[in-house]
4 protein chains.
Amino acid sequence: MTGTKRPSERRDALVQIAAELFAEQGYRATTVRHIGDAAGVLSGSLYHHFDSKETILDELLSSYLEELLDTYRAIAKKDTAPKTTLRDLVLASFRSLSEHRAAITVLQNERNYLRTLPRFTYLTKAEEEVRRIWITVLRDGVEAREFRPDLDPLVTYRFLRDSVWVTVRWFRPDGRMSADQLTEHYLTLIFNGLAPNG
Amino acid sequence: MTGTKRPSERRDALVQIAAELFAEQGYRATTVRHIGDAAGVLSGSLYHHFDSKETILDELLSSYLEELLDTYRAIAKKDTAPKTTLRDLVLASFRSLSEHRAAITVLQNERNYLRTLPRFTYLTKAEEEVRRIWITVLRDGVEAREFRPDLDPLVTYRFLRDSVWVTVRWFRPDGRMSADQLTEHYLTLIFNGLAPNG
Amino acid sequence: MTGTKRPSERRDALVQIAAELFAEQGYRATTVRHIGDAAGVLSGSLYHHFDSKETILDELLSSYLEELLDTYRAIAKKDTAPKTTLRDLVLASFRSLSEHRAAITVLQNERNYLRTLPRFTYLTKAEEEVRRIWITVLRDGVEAREFRPDLDPLVTYRFLRDSVWVTVRWFRPDGRMSADQLTEHYLTLIFNGLAPNG
Amino acid sequence: MTGTKRPSERRDALVQIAAELFAEQGYRATTVRHIGDAAGVLSGSLYHHFDSKETILDELLSSYLEELLDTYRAIAKKDTAPKTTLRDLVLASFRSLSEHRAAITVLQNERNYLRTLPRFTYLTKAEEEVRRIWITVLRDGVEAREFRPDLDPLVTYRFLRDSVWVTVRWFRPDGRMSADQLTEHYLTLIFNGLAPNG
DNA sequence: AATGAATGAGGCTTCATTCAT
DNA sequence: TATGAATGAAGCCTCATTCAT
């Protein structure tokens, strides 16, 4: 979240164009020439709008993360029953897949790499806040006997987190299943398991 | 699985050295110079052992996939109850994480990219065979009323597949949890869900 | 001295802004964006005032050189004793350092480069006229036995010329020594040398 | 003086080739393509020998400065009469012009720029040591009544320093005047001045 | 006069690969 | 087998300049 960027329509449009390419081919595999081509300008012209390729990515990721964290914080603050809170978190996550598919894909695929860049240390911070929120819900749920008592909150958190976000690899919101339907399917599985008597 | 090259100890050692780097930094981000440095030779010298950087990766991935498919086929052939078969598949997968962490990591991270390379079309074929095996188990389980009747086999397969393999991001077999313990935790969640009465 | 453009206050101010940057960072290292930033406009806007970056430099250098040559010519024409003429030339040079520090700095630092540009051939011409004036004074002085008979006029000229102008690297007219004081110090050294009986 | 570089004949030859270009056209105006062309290789091939263009310059300047400082230190340590010490310093400087013309030229021309680069802070340190040596000689000479009592050591140092080094702009050791002849001419002027009775 | 977007040439650097020794 | 030097394509970025608004 480096500096407050002056927005501009052109700028935003370029971020979106780049985002698609980053998601499809990977951030590092996407050249500025690709981006320029997709935008209909020479690659050098991109530098009229952005300091660097990294800046484009930063803009994409930081704006997504800010929105997601805002949503998560609002859900966590509502103080509903753990099962409801968990459901809301899952729903919010799947819904964000529709609007932010590109950002999420990049985040999933380039996470390891990006964490080595000083500019993106905020990713780690955001991750930590997210973890705190999920783990709190899981702990509360166990305490309130809404979840199994033998649940390991950390392992379960990782499992939930990854299994939600990894769906970005195949989930298409315009496909045969909507985000809300996916959430329903997912939650049924998560809450009740595969067993028919669940 | 391009050309089964005459094996050699040095060759295998080099593949392992490269594998670690591929896993840590990504295949594309790993330069042949990195590999040479890690192996204690100049980058050009690697070309006495391998045709290309791709060949090193090919060797790593194809040998892993062959082993995994053999294991999966053996499990599927045994014709045990679906629940048992599923358990065995999950267990085999988690166990392979210990020995083949690097290969699996690369496969997870570079999948999209590799599928665009003609040389690695066998990845897609292997994936298809794996999918057939898992989906068969899920269908059989539903039919045998071992799994919920409303289960969508395709979505469930993707969910299981991803949630298993994605653990490679954080699972360390030498950590506080063994592969078998992880399997147990995972299967409990999968079969019974979060609910305490599951 | 390409085209004497209609002057304008804004134009002159821009030349001065650019001059400071040229002196501080070098002509080539100063981008039109630097200049625009310092002037509070976008770089493209400078092109409403100047054809090119070269034009800005041209304006700076040619106006300085015209003034210097006028002064030198007036001194040479006065036909005073060689020692007096030399003193006047040195004094005029040091005094010009105060008002034209930027121009002189650029001239010193970029001389080699600028001489390769067709537009700036006038620099070489001006240099030649200056040399004629100084060498004449030195020759006259030797002839009039005001200077040592074994003096090599060409080498001495270069030595004087460079040692005067190179002070632009460190001389600050607003520092502890004025231009006139520096002249005094310099002339004492030049005329009498380091020796105490000089 | 970044790191001890493994020398190699090719490497040294490339430094010399680059040095000539840096001196002729300036460091920044010399492109790696120029250097490659002059060396008969592609520009990228230079990176087999050097990390960067800066490294080439570093190698040139640091090796020159080490040698010069060694010579200066040896002269200063000898504890001869100030006039003799000064003569030796001047002679050593002019002699170094023959062998290190390129390095000296770059140092003179790019000094301001290089001082802004973190890598070249050692330039400033070397300059300070040189200044200490010269100023000590001047002070000692005044005290020993070998130099005029009204001499300002700092201003005189600058004057001597600049007037010596600036000759690199025109002095050609293979021209009509040798380094030693130039020294003689220079010292006569410096010690006795222009006046015939000096 | 000024802006904002773009051009096009060229800068430094990286890297898989080749090859004579 | 290994080295050391080189290739050639490509990557990110800079910058003077142009031009429609």
# chains A, B, ... in the order shown; residues from 1 in each chain; ligands from 1

$ select_by_dssp --residues "chain A" --states "helix (DSSP H, G or I)" --output "MDAnalysis selection string"
chainID A and resid 9:25 32:39 43:48 53:77 82:99 101:114 118:143 153:169 179:192

$ residues_around --residues "segment 167-175 of chain B" --least-positions-apart "5" --cutoff "8 Å" --atoms "only C-alpha atoms (C1' of nucleotides)" --output "list in words"
Phe159 and Asp162 of chain A; Leu97, Ser98, Arg101, Ile104 and Thr105 of chain B

$ interface_residues --of "chain D" --to "chain F" --cutoff "8 Å" --atoms "only C-alpha atoms (C1' of nucleotides)" --output "list in words"
Val41, Leu42, Ser45 and His48 of chain D

$ write_last_selection --atoms "N, CA, C and O atoms" --output "PDB file, in the first residue's frame"
ATOM      1  N   VAL D  41      32.598  -7.625 -28.814  1.00  0.00           N
ATOM      2  CA  VAL D  41      31.608  -8.587 -28.317  1.00  0.00           C
ATOM      3  C   VAL D  41      30.252  -7.905 -28.203  1.00  0.00           C
ATOM      4  O   VAL D  41      30.167  -6.673 -28.297  1.00  0.00           O
ATOM      5  N   LEU D  42      29.242  -8.678 -27.997  1.00  0.00           N
ATOM      6  CA  LEU D  42      27.927  -8.095 -27.762  1.00  0.00           C
ATOM      7  C   LEU D  42      27.881  -7.506 -26.358  1.00  0.00           C
ATOM      8  O   LEU D  42      28.594  -7.974 -25.462  1.00  0.00           O
ATOM      9  N   SER D  45      27.546  -9.685 -23.367  1.00  0.00           N
ATOM     10  CA  SER D  45      28.685 -10.524 -22.992  1.00  0.00           C
ATOM     11  C   SER D  45      29.553  -9.874 -21.926  1.00  0.00           C
ATOM     12  O   SER D  45      30.290 -10.558 -21.208  1.00  0.00           O
ATOM     13  N   HIS D  48      29.309 -11.212 -18.447  1.00  0.00           N
ATOM     14  CA  HIS D  48      30.006 -12.427 -18.027  1.00  0.00           C
ATOM     15  C   HIS D  48      31.195 -12.044 -17.144  1.00  0.00           C
ATOM     16  O   HIS D  48      31.615 -12.809 -16.279  1.00  0.00           O
TER      17      HIS D  48
END

$ atom_distance --atom1 "atom CA of Thr30 of chain B" --atom2 "atom CA of Val15 of chain A"
27.3 Å

$ closest_atom_pairs --of "chain E" --to "chain C" --cutoff "12 Å" --atoms "only C-alpha atoms (C1' of nucleotides)" --output "tab-separated table"
residue	atom	partner	partner_atom	distance
E:DA1	C1'	C:His48	CA	7.2
E:DA2	C1'	C:Ser45	CA	5.9
E:DT3	C1'	C:Leu42	CA	7.5
E:DG4	C1'	C:Leu42	CA	9.2
E:DA5	C1'	C:Gly44	CA	10.8
E:DA6	C1'	C:Gly44	CA	11.6

$ residues_around --residues "Leu86 of chain B" --least-positions-apart "2" --cutoff "8 Å" --atoms "only C-alpha atoms (C1' of nucleotides)" --output "ChimeraX atom specification"
/B:82-84,88-90,134,137-138

$ interface_residues --of "chain D" --to "chain C" --cutoff "6 Å" --atoms "only C-alpha atoms" --output "PDB file with C-alpha atoms, in the first residue's frame"
ATOM      1  CA  PHE D 147      56.594  29.671   1.441  1.00  0.00           C
ATOM      2  CA  ARG D 148      55.088  33.159   1.754  1.00  0.00           C
ATOM      3  CA  SER D 163      45.660  23.437 -11.750  1.00  0.00           C
ATOM      4  CA  ILE D 190      54.318  28.067  -8.903  1.00  0.00           C
ATOM      5  CA  PHE D 191      57.434  28.839  -6.950  1.00  0.00           C
ATOM      6  CA  ASN D 192      58.522  32.024  -8.679  1.00  0.00           C
ATOM      7  CA  GLY D 193      55.485  33.405 -10.462  1.00  0.00           C
ATOM      8  CA  LEU D 194      55.261  35.269 -13.714  1.00  0.00           C
ATOM      9  CA  ALA D 195      57.452  38.159 -12.625  1.00  0.00           C
ATOM     10  CA  PRO D 196      60.913  38.102 -14.199  1.00  0.00           C
ATOM     11  CA  GLY D 198      60.888  35.940  -9.256  1.00  0.00           C
TER      12      GLY D 198
END

$ residues_around --residues "segment 130-132 of chain B" --least-positions-apart "2" --cutoff "8 Å" --atoms "only C-alpha atoms (C1' of nucleotides)" --output "PyMOL selection string"
chain B and resi 69+72+126-128+134-136+157

$ write_last_selection --atoms "all heavy atoms" --output "compact mmCIF listing (two decimals), in the first residue's frame"
# COMPACT_ATOMS: atom_id res chain seq x y z
N LEU B 69 0.88 -42.32 -10.05
CA LEU B 69 -0.16 -43.02 -10.80
C LEU B 69 -0.13 -44.51 -10.51
O LEU B 69 -1.20 -45.14 -10.38
CB LEU B 69 0.02 -42.75 -12.30
CG LEU B 69 -0.55 -41.40 -12.75
CD1 LEU B 69 -0.25 -41.15 -14.22
CD2 LEU B 69 -2.07 -41.35 -12.50
N TYR B 72 -1.90 -44.93 -7.22
CA TYR B 72 -3.33 -44.70 -7.37
C TYR B 72 -4.00 -45.89 -8.07
O TYR B 72 -5.06 -46.38 -7.65
CB TYR B 72 -3.58 -43.44 -8.19
CG TYR B 72 -3.64 -42.16 -7.38
CD1 TYR B 72 -3.15 -42.10 -6.07
CD2 TYR B 72 -4.22 -41.00 -7.91
CE1 TYR B 72 -3.21 -40.92 -5.34
CE2 TYR B 72 -4.29 -39.83 -7.19
CZ TYR B 72 -3.77 -39.78 -5.91
OH TYR B 72 -3.84 -38.63 -5.19
N ALA B 126 -2.15 -37.09 -17.20
CA ALA B 126 -2.08 -37.67 -15.86
C ALA B 126 -3.21 -37.13 -14.99
O ALA B 126 -3.88 -37.87 -14.26
CB ALA B 126 -0.73 -37.36 -15.22
N GLU B 127 -3.44 -35.83 -15.10
CA GLU B 127 -4.50 -35.21 -14.33
C GLU B 127 -5.84 -35.85 -14.65
O GLU B 127 -6.67 -36.07 -13.75
CB GLU B 127 -4.57 -33.72 -14.70
CG GLU B 127 -4.52 -32.79 -13.51
CD GLU B 127 -4.41 -31.36 -13.96
OE1 GLU B 127 -5.43 -30.80 -14.42
OE2 GLU B 127 -3.30 -30.78 -13.87
N GLU B 128 -6.04 -36.13 -15.92
CA GLU B 128 -7.31 -36.73 -16.32
C GLU B 128 -7.48 -38.13 -15.72
O GLU B 128 -8.55 -38.49 -15.25
CB GLU B 128 -7.41 -36.81 -17.84
CG GLU B 128 -7.99 -35.53 -18.42
CD GLU B 128 -7.68 -35.38 -19.90
OE1 GLU B 128 -7.46 -36.41 -20.58
OE2 GLU B 128 -7.62 -34.22 -20.37
N TRP B 134 -10.63 -40.61 -8.88
CA TRP B 134 -11.32 -40.00 -7.75
C TRP B 134 -12.83 -39.93 -7.97
O TRP B 134 -13.62 -40.25 -7.09
CB TRP B 134 -10.80 -38.58 -7.51
CG TRP B 134 -9.47 -38.51 -6.80
CD1 TRP B 134 -8.26 -38.72 -7.34
CD2 TRP B 134 -9.26 -38.20 -5.41
NE1 TRP B 134 -7.27 -38.56 -6.39
CE2 TRP B 134 -7.86 -38.23 -5.20
CE3 TRP B 134 -10.10 -37.90 -4.34
CZ2 TRP B 134 -7.29 -37.97 -3.96
CZ3 TRP B 134 -9.53 -37.63 -3.11
CH2 TRP B 134 -8.13 -37.67 -2.91
N ILE B 135 -13.20 -39.50 -9.17
CA ILE B 135 -14.63 -39.33 -9.41
C ILE B 135 -15.35 -40.67 -9.35
O ILE B 135 -16.48 -40.78 -8.85
CB ILE B 135 -14.88 -38.60 -10.74
CG1 ILE B 135 -14.53 -37.11 -10.55
CG2 ILE B 135 -16.31 -38.75 -11.22
CD1 ILE B 135 -14.96 -36.20 -11.67
N THR B 136 -14.69 -41.71 -9.83
CA THR B 136 -15.28 -43.04 -9.74
C THR B 136 -15.55 -43.41 -8.29
O THR B 136 -16.64 -43.88 -7.92
CB THR B 136 -14.33 -44.08 -10.38
OG1 THR B 136 -14.13 -43.71 -11.74
CG2 THR B 136 -14.94 -45.47 -10.31
N TYR B 157 -14.83 -33.50 -6.13
CA TYR B 157 -13.49 -33.95 -6.51
C TYR B 157 -12.51 -32.79 -6.49
O TYR B 157 -11.43 -32.87 -5.90
CB TYR B 157 -13.49 -34.59 -7.90
CG TYR B 157 -12.13 -34.53 -8.53
CD1 TYR B 157 -11.04 -35.20 -7.94
CD2 TYR B 157 -11.89 -33.79 -9.68
CE1 TYR B 157 -9.78 -35.12 -8.49
CE2 TYR B 157 -10.62 -33.69 -10.24
CZ TYR B 157 -9.57 -34.36 -9.63
OH TYR B 157 -8.31 -34.28 -10.15

$ atom_distance --atom1 "atom CA of Asp58 of chain C" --atom2 "atom CA of Ala103 of chain C"
10.1 Å

$ atom_distance --atom1 "atom CA of Thr80 of chain A" --atom2 "atom CA of Ala144 of chain A"
11.9 Å
